[in-house]
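Down below is the structure, laid out as structure tokens.
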Amino acid sequence: MIEARHISKRYGDLVAVDDVSFSVAMGEVVGFLGPNGAGKTTTMRILTGFLPATDGTAVIAGHDMFEDPLAARRSVGYLPETPPLYPEMDVQGYLSFVARLKDVPRKQVREAVERALERCGLAHVRRRVIGMLSKGYRQRVGIAQAIVHSPPVLILDEPTVGLDPTQIREIRALVADLAAPKQGEVQHTVILSTHILPEVEAICRRVILIHRGRKVLDSPLGELTAGGRSLEQVFAQETSRDLAHAIVDEAAGA
Amino acid sequence: MKHVGTIARREISSLFVSPVAYVVLTLFSVLAGFFFLSSVLQFSEYVSRLQQFQVLDQLKELNLNDHVIAPFYGVMSVVLLFLVPGITMGLFASESANGTDELLLTSPLTIWEIVLGKFLAASGFVLLLVVLVSLFPGILFAYGDPEIEKTVSGLLGLLLVGLTYVAIGGFASSVTSSQVIAFVLSFVMLLLLWMLSFLADLGAAGGPVGQSGVAGFVRWLSTAEHFQRLSQGIISTADLAYFGTMIGTFLLLTKAAVESVRWR
């Protein structure tokens, strides 16, 4: 469903993402982990077509992001780090706007908006102005705009950041629900970036760890914690081992 | 191009839920009323003075179009210069400030659709302003007999000036995420563009600039030059081409500026 092929992103001399490849199968929920500044957001922006990669390409639901960007973008729902909301619009108006942007056929817009409102628990605030909503609700509106056109692929950049514990629990339940739909609902393939480890343990079945722009780990969650290790230990080990590698490389180079 | 309407509709409704649209409409109406009244009063005083001194040949020359309507349009075009930046400042700057540019640029639409949708929305608003202006000469038709052709041609000029300002203001808004900077930047650009004809006049009065083709080009660039001819009732292809060129150029620049997020 999602395929990253040797993606690199350089800003001048700075390498933000360095030759990252992975693929995600239909219905998988993948946790995209890494310390702050590891290149998670940049990778996601490339996958969603917001930024072009310096090298490599992304294929979303069979559409190449650089050869057929419109079709590829149609297949993605994206929640950026800050939800892209217009504070002056009401929830329903905003979601119909997004639905039209995402090429939902005119006659199905109302139905699509209704479904997104329902699924994100927003039906009772549909007439409220977004700027007046609490942070948790705004985050839900952000998720609702990502799923309003029922895209096969969902990319969520830190969906629970800055929320209180109750809201975090609700959003996690919502994300879990998106990947495991009830009858008649669309199943989404989800990539979820975070640096909150319990979140990964709660909803993801597979983990990709990015550190300093490189993929350092890609494995099912069950295998990682099989030896009784906590995810936190794995995380600390992988990010420090990479650091050690870097030091060795540098010494060898010198 | 099917998203142009979607973008434009959202932009217009945003404009009307924020106070900006109402502030601009109110100020514009007040100023239009004030300047219309003052040009009518000036005209009537002039007429009565000429009658008093029996300057008949000058009295014969007087007419509503050249002495009331055209000066009124002239002042309103300067008012547009102040108010249009207020309308356009948020067009693109607010998108990058809200982070909604990430929504637009990851949606299946082209950058042209975004740029044209926003241009269309702000143009619609300018059209509304021009309709407001047209009410005032309308009053004159009830009490006098101005020439309809000249009156309409001036309105067309005002509209074209407004659309040019929208294109330039939109560009200023696309290069920054601060609405204040967008406002100041477009205001300064518009003012300079308006004042260029004065520069050309100075050059023509003597000095090296006047001798070269530069003065001609500078004069051509100035919005005031082209607007003046339209408000005198002269509609020429050259002037229409000027407005078309300006609008097209700044829309292209805007498109490049929006796209440049991707180059960085």
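Here's how to read the names in the structure tokens: chain A, B, ... by the order shown, residue numbers from 1 in each chain, ligand numbers from 1 in the order shown.
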
Proximal residues of chain B relative to chain A (only C-alpha atoms; 8 Å) as a list of chain:residue names: B:His3, B:Thr6, B:Arg10, B:Ser14, B:Val17, B:Ser18, B:Asn98, B:Gly99, B:Thr100, B:Asp101, B:Glu102, B:Leu103, B:Leu104, B:Leu105, B:Thr106, B:Ser107, B:Pro108, B:Leu109, B:Val261, B:Arg262, B:Trp263, B:Arg264

Proximity check stretch 140-171 of chain B to stretch 182-197 of chain B, 8 Å, nearest pairs one decimal Å, only C-alpha atoms, as a tab-separated table:
residue	atom	partner	partner_atom	distance
B:Tyr165	CA	B:Leu190	CA	6.9
B:Ile168	CA	B:Ser186	CA	6.5
B:Gly169	CA	B:Ser186	CA	4.9

Residues within 9 Å of B:Lys255, only C-alpha atoms, excluding chain neighbours under 5 positions, as JSON, numbers by chain: {"B": [111, 112, 114, 115, 171, 174, 250, 260]}

Restrict the selected residues to N, CA, C and O atoms and save them as an mmCIF file, in the first residue's frame.
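Final output, saved to out_33.cif:
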data_model
loop_
_atom_site.group_PDB
_atom_site.id
_atom_site.type_symbol
_atom_site.label_atom_id
_atom_site.label_comp_id
_atom_site.auth_asym_id
_atom_site.auth_seq_id
_atom_site.Cartn_x
_atom_site.Cartn_y
_atom_site.Cartn_z
ATOM 1 N N ILE B 111 -1.347 23.972 -8.244
ATOM 2 C CA ILE B 111 -1.090 25.269 -7.622
ATOM 3 C C ILE B 111 -1.862 26.368 -8.342
ATOM 4 O O ILE B 111 -2.334 27.315 -7.731
ATOM 5 N N TRP B 112 -2.039 26.220 -9.652
ATOM 6 C CA TRP B 112 -2.826 27.202 -10.392
ATOM 7 C C TRP B 112 -4.246 27.297 -9.848
ATOM 8 O O TRP B 112 -4.829 28.378 -9.786
ATOM 9 N N ILE B 114 -5.196 26.828 -6.816
ATOM 10 C CA ILE B 114 -5.155 27.591 -5.569
ATOM 11 C C ILE B 114 -5.036 29.084 -5.880
ATOM 12 O O ILE B 114 -5.812 29.905 -5.385
ATOM 13 N N VAL B 115 -4.070 29.421 -6.741
ATOM 14 C CA VAL B 115 -3.794 30.832 -7.036
ATOM 15 C C VAL B 115 -5.008 31.499 -7.693
ATOM 16 O O VAL B 115 -5.432 32.585 -7.293
ATOM 17 N N PHE B 171 0.409 38.426 -4.466
ATOM 18 C CA PHE B 171 1.815 38.043 -4.539
ATOM 19 C C PHE B 171 2.529 38.394 -3.229
ATOM 20 O O PHE B 171 3.256 37.566 -2.666
ATOM 21 N N SER B 174 1.909 35.947 -0.689
ATOM 22 C CA SER B 174 2.439 34.600 -0.904
ATOM 23 C C SER B 174 3.904 34.476 -0.510
ATOM 24 O O SER B 174 4.419 33.377 -0.400
ATOM 25 N N PHE B 250 1.905 38.998 -12.189
ATOM 26 C CA PHE B 250 1.894 38.787 -10.740
ATOM 27 C C PHE B 250 1.246 37.461 -10.352
ATOM 28 O O PHE B 250 1.621 36.865 -9.345
ATOM 29 N N SER B 260 7.411 27.424 -4.318
ATOM 30 C CA SER B 260 8.780 27.431 -3.812
ATOM 31 C C SER B 260 8.910 26.724 -2.465
ATOM 32 O O SER B 260 9.997 26.353 -2.069
#

Residues flagged alpha helix (DSSP H) by DSSP in stretch 11-212 of chain A, as a count of residues only: 71

Between atom CA of B:Phe243 and atom CA of B:Arg219 - distance in Å to one decimal: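 Value for the atom CA of B:Arg219-atom CA of B:Phe243 distance: 13.8 Å.
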
Atom pair atom CA of A:Val29 / atom CA of A:Pro220: separation (Å):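 Separation of atom CA of A:Val29 and atom CA of A:Pro220: 10.4 Å.
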
Near-B:Leu127 list (10 Å; only C-alpha atoms; drop same-chain fewer than 5 positions) as a PyMOL selection string: chain B and resi 121-122+132-133+155-156+158-160+162-163

Atomic distance atom CA of B:Ala257 - atom CA of A:Ala4, expressed in Å with one decimal: 28.1 Å

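Residue nearest B:Ala172, chosen from B:Thr223, B:Ser134, B:Thr254, B:Thr249 and counting only C-alpha atoms: B:Thr254.
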
Closest of B:Leu128, B:Phe43, B:Phe34, B:Ser13 to A:Asp90 - atom-to-atom distances counting only C-alpha atoms: B:Ser13

Polymer residues at most 12 Å from B:Gln232, only C-alpha atoms, same-chain spacing of 5 or more positions, as a ChimeraX atom specification: /B:64-71,73-74,147-158,225-227

Selected residue, from A:Leu163, A:Ala123, A:Ala180, A:Leu33, that lies nearest to A:Glu201 when counting only C-alpha atoms: A:Leu33
